[in-house]
Amino acid sequence: MKLIGSALTVLLTAAAFPVAGEVFEFTGTAKQDGNVLYQEDHRVEGTCSEGVFAPVDHQVSYRNPESGDEFASKSLSYSNSAFRPRVEFRQPRFGEALTVSYPQEQALNIVWQEPAGDTREFTVPFDQRLVVDSGFDYFVRANWEQVQQGESVEFRFLAPTRGEHYGFVLEPATSVKVDADLTVQIRPTSLLLRVLVDPIVLGYNSDGALTDYLGLTNIRQDAESNHIAHIRYQVARLPDCELTR
């Protein structure tokens with residue numbers, strides 16, 4: 001009976017947590033005023049669900065463009081939702097670390113080790129409209145047809161170092177700096193935030209892969225501010241299923 005019980009536990013666990021069998025890899029080069037700031041290496045493991053790629057685990061390595069040495073890293077787990085991954089971010093040269101986890105069904109937990117050395121912790125209630133970190137990429141793909149047809153989609157976006165989320169809108173856009181099959185932007189809905197926060201412009205190719213990111217990054221310029229950069233992406237490996245429906 002113990003053997004049967006153990007086997008049943010393994011089967012149930014496998015059913016609850018699908019094994020990643022597909023791989024999506026891409027790289028990014030971040031520039032500011034024509035100068036290369038850093039490079040990103042992305043590896044996303046996932047599954048094909050009804051012919052569409054579903055992420056499971058995402059690893060990001062941020063590297064010095066000259067030496068190739070890693071200076072920051074990010075790990076994302078999409079076990080809860082493609083829009084709301086668990087996040088672990090490390091930027092050792094500034095002594096910074098950030099985690100976003102989901103101990104409760106409708107409340108997330110943030111632990112932020114600041115560059116100044118202090119640690120701040122937040123518990124943030126949320127609903128199904130919330131998008132976290134790289135979840136924006138899958139939010140765009142989930143609303144691909146709507147945006148292509150010129151529609152706008154409102155959502156909430158997490159600002160982890162503030163311990164709060166704010167209203168944003170995803171909408172079609174144009175930019176002289178982005179040459180893509182589909183160009184969109186993410187901007188705040190609040191008039192006050194529009195004054196303080198510039199839109200993030202995103203470019204995608206016809207496969208649904210990100211080609212451009214133009215805006216504020218999570219990589220620090222100094223202890224007080226982050227880089228604003230244009231990151232251009234190149235696909236190294238596509239999964240065997242589609243990225244969009």
# chains A, B, ... in the order shown; residues from 1 in each chain; ligands from 1
>>> residues_around(residues="region 173-176 of chain A", least_positions_apart="5", cutoff="6 Å", atoms="only C-alpha atoms", output="mmCIF file with all heavy atoms, in the first residue's frame")
data_model
loop_
_atom_site.group_PDB
_atom_site.id
_atom_site.type_symbol
_atom_site.label_atom_id
_atom_site.label_comp_id
_atom_site.auth_asym_id
_atom_site.auth_seq_id
_atom_site.Cartn_x
_atom_site.Cartn_y
_atom_site.Cartn_z
ATOM 1 N N THR A 183 3.740 47.394 -32.863
ATOM 2 C CA THR A 183 4.304 48.298 -31.858
ATOM 3 C C THR A 183 3.191 48.712 -30.905
ATOM 4 O O THR A 183 2.108 49.128 -31.339
ATOM 5 C CB THR A 183 4.919 49.557 -32.506
ATOM 6 O OG1 THR A 183 5.905 49.161 -33.458
ATOM 7 C CG2 THR A 183 5.573 50.433 -31.455
ATOM 8 N N VAL A 184 3.458 48.553 -29.611
ATOM 9 C CA VAL A 184 2.475 48.913 -28.589
ATOM 10 C C VAL A 184 3.165 49.734 -27.516
ATOM 11 O O VAL A 184 4.398 49.829 -27.478
ATOM 12 C CB VAL A 184 1.833 47.654 -27.952
ATOM 13 C CG1 VAL A 184 1.107 46.835 -28.996
ATOM 14 C CG2 VAL A 184 2.878 46.810 -27.230
ATOM 15 N N GLN A 185 2.368 50.325 -26.656
ATOM 16 C CA GLN A 185 2.939 51.002 -25.504
ATOM 17 C C GLN A 185 2.112 50.689 -24.262
ATOM 18 O O GLN A 185 0.934 50.355 -24.326
ATOM 19 C CB GLN A 185 3.023 52.502 -25.714
ATOM 20 C CG GLN A 185 1.702 53.239 -25.743
ATOM 21 C CD GLN A 185 1.884 54.757 -25.884
ATOM 22 O OE1 GLN A 185 2.963 55.243 -26.209
ATOM 23 N NE2 GLN A 185 0.827 55.495 -25.636
#
>>> residues_around(residues="Asp57 (chain A)", least_positions_apart="2", cutoff="7 Å", atoms="only C-alpha atoms", output="number ranges by chain")
A: 44-46, 55, 59, 76-78
>>> select_by_dssp(residues="region 32-231 of chain A", states="helix (DSSP H, G or I)", output="list in words")
Pro92, Arg93, Phe94, Gly135, Phe136, Asp137, Tyr138, Phe139, Val140, Arg141, Ala142, Trp144, Glu145, Gln146, Val147, Gln148, Pro160, Thr161, Arg162, Leu191, Leu192, Leu193, Arg194, Val195 and Leu196 of chain A
>>> write_last_selection(atoms="C-alpha atoms", output="tab-separated table (two decimals), in the first residue's frame")
chain	number	residue	atom	x	y	z
A	92	PRO	CA	25.10	42.36	-6.28
A	93	ARG	CA	27.20	45.33	-7.26
A	94	PHE	CA	24.60	47.57	-5.62
A	135	GLY	CA	4.31	38.97	-17.19
A	136	PHE	CA	3.67	42.01	-19.40
A	137	ASP	CA	5.11	40.02	-22.32
A	138	TYR	CA	2.45	37.31	-22.00
A	139	PHE	CA	-0.23	39.91	-21.33
A	140	VAL	CA	0.54	41.48	-24.70
A	141	ARG	CA	0.36	38.08	-26.43
A	142	ALA	CA	-2.89	37.21	-24.67
A	144	TRP	CA	-2.70	40.18	-29.45
A	145	GLU	CA	-5.82	40.31	-31.63
A	146	GLN	CA	-7.41	43.16	-29.69
A	147	VAL	CA	-4.33	45.38	-29.98
A	148	GLN	CA	-3.87	44.52	-33.66
A	160	PRO	CA	7.53	46.37	-6.36
A	161	THR	CA	9.86	48.91	-4.74
A	162	ARG	CA	6.82	51.03	-3.84
A	191	LEU	CA	-2.97	61.94	-15.22
A	192	LEU	CA	-0.52	62.50	-12.37
A	193	LEU	CA	1.49	59.38	-13.15
A	194	ARG	CA	1.59	60.31	-16.85
A	195	VAL	CA	3.57	63.39	-15.86
A	196	LEU	CA	5.99	61.32	-13.76
>>> residues_around(residues="region 48-50 of chain A", least_positions_apart="3", cutoff="10 Å", atoms="only C-alpha atoms", output="ChimeraX atom specification")
/A:20-22,53-55,239-243,245
>>> write_last_selection(atoms="all heavy atoms", output="CSV table (one decimal), in the first residue's frame")
chain,number,residue,atom,x,y,z
A,20,ALA,N,8.4,21.1,-18.1
A,20,ALA,CA,8.7,21.9,-19.2
A,20,ALA,C,9.4,21.1,-20.3
A,20,ALA,O,10.4,20.4,-20.0
A,20,ALA,CB,9.6,23.1,-18.7
A,21,GLY,N,8.9,21.1,-21.5
A,21,GLY,CA,9.5,20.4,-22.6
A,21,GLY,C,9.9,21.2,-23.8
A,21,GLY,O,10.5,20.7,-24.7
A,22,GLU,N,9.5,22.5,-23.8
A,22,GLU,CA,9.8,23.4,-24.8
A,22,GLU,C,10.7,24.5,-24.3
A,22,GLU,O,10.7,24.9,-23.2
A,22,GLU,CB,8.5,24.1,-25.4
A,22,GLU,CG,7.6,23.1,-26.0
A,22,GLU,CD,8.1,22.5,-27.3
A,22,GLU,OE1,8.9,23.2,-28.0
A,22,GLU,OE2,7.7,21.4,-27.7
A,53,PHE,N,2.5,28.4,-26.6
A,53,PHE,CA,3.6,28.2,-25.6
A,53,PHE,C,3.1,28.8,-24.2
A,53,PHE,O,2.6,29.9,-24.2
A,53,PHE,CB,4.8,29.0,-26.1
A,53,PHE,CG,6.0,28.9,-25.1
A,53,PHE,CD1,6.7,27.7,-25.0
A,53,PHE,CD2,6.4,30.0,-24.4
A,53,PHE,CE1,7.8,27.6,-24.1
A,53,PHE,CE2,7.5,29.9,-23.5
A,53,PHE,CZ,8.2,28.7,-23.4
A,54,ALA,N,3.3,28.0,-23.2
A,54,ALA,CA,3.0,28.4,-21.8
A,54,ALA,C,4.3,28.4,-21.0
A,54,ALA,O,4.9,27.3,-20.9
A,54,ALA,CB,2.0,27.5,-21.2
A,55,PRO,N,4.8,29.5,-20.4
A,55,PRO,CA,6.0,29.5,-19.7
A,55,PRO,C,5.9,28.8,-18.4
A,55,PRO,O,4.9,28.8,-17.7
A,55,PRO,CB,6.3,31.0,-19.5
A,55,PRO,CG,4.9,31.6,-19.4
A,55,PRO,CD,4.1,30.8,-20.4
A,239,PRO,N,10.1,28.0,-29.5
A,239,PRO,CA,9.5,26.7,-29.2
A,239,PRO,C,8.8,26.1,-30.4
A,239,PRO,O,8.6,26.8,-31.4
A,239,PRO,CB,8.5,27.1,-28.1
A,239,PRO,CG,8.2,28.5,-28.4
A,239,PRO,CD,9.4,29.1,-28.9
A,240,ASP,N,8.4,24.9,-30.3
A,240,ASP,CA,7.8,24.2,-31.4
A,240,ASP,C,6.3,24.5,-31.6
A,240,ASP,O,5.6,24.0,-32.5
A,240,ASP,CB,7.9,22.7,-31.3
A,240,ASP,CG,9.4,22.2,-31.5
A,240,ASP,OD1,10.1,22.9,-32.3
A,240,ASP,OD2,9.8,21.2,-31.0
A,241,CYS,N,5.8,25.4,-30.7
A,241,CYS,CA,4.4,25.8,-30.8
A,241,CYS,C,4.3,27.3,-30.9
A,241,CYS,O,5.4,28.0,-30.8
A,241,CYS,CB,3.6,25.3,-29.6
A,241,CYS,SG,4.3,25.7,-28.0
A,242,GLU,N,3.2,27.9,-31.1
A,242,GLU,CA,3.0,29.3,-31.4
A,242,GLU,C,3.2,30.1,-30.1
A,242,GLU,O,2.9,29.6,-29.0
A,242,GLU,CB,1.6,29.6,-32.0
A,242,GLU,CG,1.4,28.9,-33.3
A,242,GLU,CD,2.3,29.4,-34.4
A,242,GLU,OE1,2.7,30.5,-34.4
A,242,GLU,OE2,2.6,28.5,-35.3
A,243,LEU,N,3.6,31.4,-30.2
A,243,LEU,CA,3.7,32.3,-29.1
A,243,LEU,C,2.4,33.0,-28.8
A,243,LEU,O,2.1,33.4,-27.7
A,243,LEU,CB,4.8,33.3,-29.3
A,243,LEU,CG,6.2,32.8,-29.3
A,243,LEU,CD1,7.2,33.9,-29.6
A,243,LEU,CD2,6.6,32.1,-28.0
A,245,ARG,N,-2.1,33.1,-29.9
A,245,ARG,CA,-3.2,32.3,-30.5
A,245,ARG,C,-3.6,32.9,-31.8
A,245,ARG,O,-3.5,34.0,-32.1
A,245,ARG,CB,-4.4,32.4,-29.5
A,245,ARG,CG,-4.2,31.7,-28.2
A,245,ARG,CD,-5.4,31.6,-27.4
A,245,ARG,NE,-5.2,31.0,-26.1
A,245,ARG,CZ,-5.0,29.7,-25.9
A,245,ARG,NH1,-5.2,28.8,-27.0
A,245,ARG,NH2,-4.8,29.2,-24.7
>>> closest_residue(among="A:Gly28, A:Gly215, A:Gly68, A:Pro85", to="Asp198 (chain A)", atoms="only C-alpha atoms")
A:Gly215
>>> atom_distance(atom1="CA of Leu98 (chain A)", atom2="CA of Ser79 (chain A)")
18.5 Å
>>> select_by_dssp(residues="region 23-244 of chain A", states="strand (DSSP E)", output="PyMOL selection string")
chain A and resi 23-32+35-49+52-63+70-77+86-91+96-104+107-113+119-125+130-131+153-159+164-172+182-188+200-204+210-220+226-237
>>> residues_around(residues="His42 (chain A)", least_positions_apart="6", cutoff="10 Å", atoms="only C-alpha atoms", output="PDB file with N, CA and C atoms, in the first residue's frame")
ATOM      1  N   PHE A  24      12.413  28.427 -25.230  1.00  0.00           N
ATOM      2  CA  PHE A  24      12.389  29.690 -25.977  1.00  0.00           C
ATOM      3  C   PHE A  24      13.586  30.498 -25.494  1.00  0.00           C
ATOM      4  N   GLU A  25      14.517  30.803 -26.405  1.00  0.00           N
ATOM      5  CA  GLU A  25      15.724  31.533 -26.033  1.00  0.00           C
ATOM      6  C   GLU A  25      15.866  32.793 -26.883  1.00  0.00           C
ATOM      7  N   PHE A  26      16.267  33.881 -26.228  1.00  0.00           N
ATOM      8  CA  PHE A  26      16.509  35.128 -26.954  1.00  0.00           C
ATOM      9  C   PHE A  26      17.516  35.969 -26.180  1.00  0.00           C
ATOM     10  N   THR A  27      18.139  36.904 -26.875  1.00  0.00           N
ATOM     11  CA  THR A  27      19.140  37.784 -26.274  1.00  0.00           C
ATOM     12  C   THR A  27      18.758  39.232 -26.519  1.00  0.00           C
ATOM     13  N   GLY A  28      19.230  40.115 -25.656  1.00  0.00           N
ATOM     14  CA  GLY A  28      18.949  41.534 -25.806  1.00  0.00           C
ATOM     15  C   GLY A  28      20.202  42.368 -25.611  1.00  0.00           C
ATOM     16  N   HIS A  58      11.849  30.839 -16.199  1.00  0.00           N
ATOM     17  CA  HIS A  58      12.539  31.840 -17.024  1.00  0.00           C
ATOM     18  C   HIS A  58      13.780  32.314 -16.281  1.00  0.00           C
ATOM     19  N   GLN A  59      14.934  32.149 -16.905  1.00  0.00           N
ATOM     20  CA  GLN A  59      16.198  32.585 -16.316  1.00  0.00           C
ATOM     21  C   GLN A  59      16.796  33.705 -17.169  1.00  0.00           C
ATOM     22  N   VAL A  60      17.233  34.780 -16.512  1.00  0.00           N
ATOM     23  CA  VAL A  60      17.832  35.921 -17.210  1.00  0.00           C
ATOM     24  C   VAL A  60      19.198  36.214 -16.610  1.00  0.00           C
ATOM     25  N   SER A  61      20.186  36.340 -17.485  1.00  0.00           N
ATOM     26  CA  SER A  61      21.533  36.712 -17.062  1.00  0.00           C
ATOM     27  C   SER A  61      21.883  38.051 -17.696  1.00  0.00           C
ATOM     28  N   TYR A  62      22.279  39.019 -16.867  1.00  0.00           N
ATOM     29  CA  TYR A  62      22.673  40.341 -17.350  1.00  0.00           C
ATOM     30  C   TYR A  62      24.191  40.392 -17.355  1.00  0.00           C
ATOM     31  N   LYS A  74      18.072  37.259 -12.867  1.00  0.00           N
ATOM     32  CA  LYS A  74      16.655  37.212 -12.506  1.00  0.00           C
ATOM     33  C   LYS A  74      16.115  35.830 -12.803  1.00  0.00           C
ATOM     34  N   SER A  75      15.307  35.325 -11.882  1.00  0.00           N
ATOM     35  CA  SER A  75      14.660  34.037 -12.051  1.00  0.00           C
ATOM     36  C   SER A  75      13.164  34.232 -11.881  1.00  0.00           C
ATOM     37  N   TYR A 233      16.071  42.945 -29.220  1.00  0.00           N
ATOM     38  CA  TYR A 233      16.138  41.511 -28.955  1.00  0.00           C
ATOM     39  C   TYR A 233      16.269  40.716 -30.254  1.00  0.00           C
ATOM     40  N   VAL A 235      15.943  36.520 -31.487  1.00  0.00           N
ATOM     41  CA  VAL A 235      15.545  35.170 -31.097  1.00  0.00           C
ATOM     42  C   VAL A 235      16.648  34.185 -31.462  1.00  0.00           C
ATOM     43  N   ALA A 236      17.024  33.370 -30.488  1.00  0.00           N
ATOM     44  CA  ALA A 236      18.008  32.317 -30.725  1.00  0.00           C
ATOM     45  C   ALA A 236      17.332  30.966 -30.951  1.00  0.00           C
TER      46      ALA A 236
END
>>> atom_distance(atom1="CA of Leu158 (chain A)", atom2="CA of Val132 (chain A)")
5.4 Å
>>> closest_residue(among="A:Phe155, A:Val23, A:Ala30, A:Leu108", to="Leu216 (chain A)", atoms="only C-alpha atoms")
A:Ala30
>>> closest_residue(among="A:Ser67, A:Ser206, A:Gln149, A:Ser101", to="Tyr38 (chain A)", atoms="only C-alpha atoms")
A:Ser67
>>> atom_distance(atom1="CA of Leu238 (chain A)", atom2="CA of Val153 (chain A)")
26.8 Å
>>> closest_residue(among="A:Leu210, A:Val201, A:Ser152, A:Thr47", to="Ile228 (chain A)", atoms="only C-alpha atoms")
A:Val201
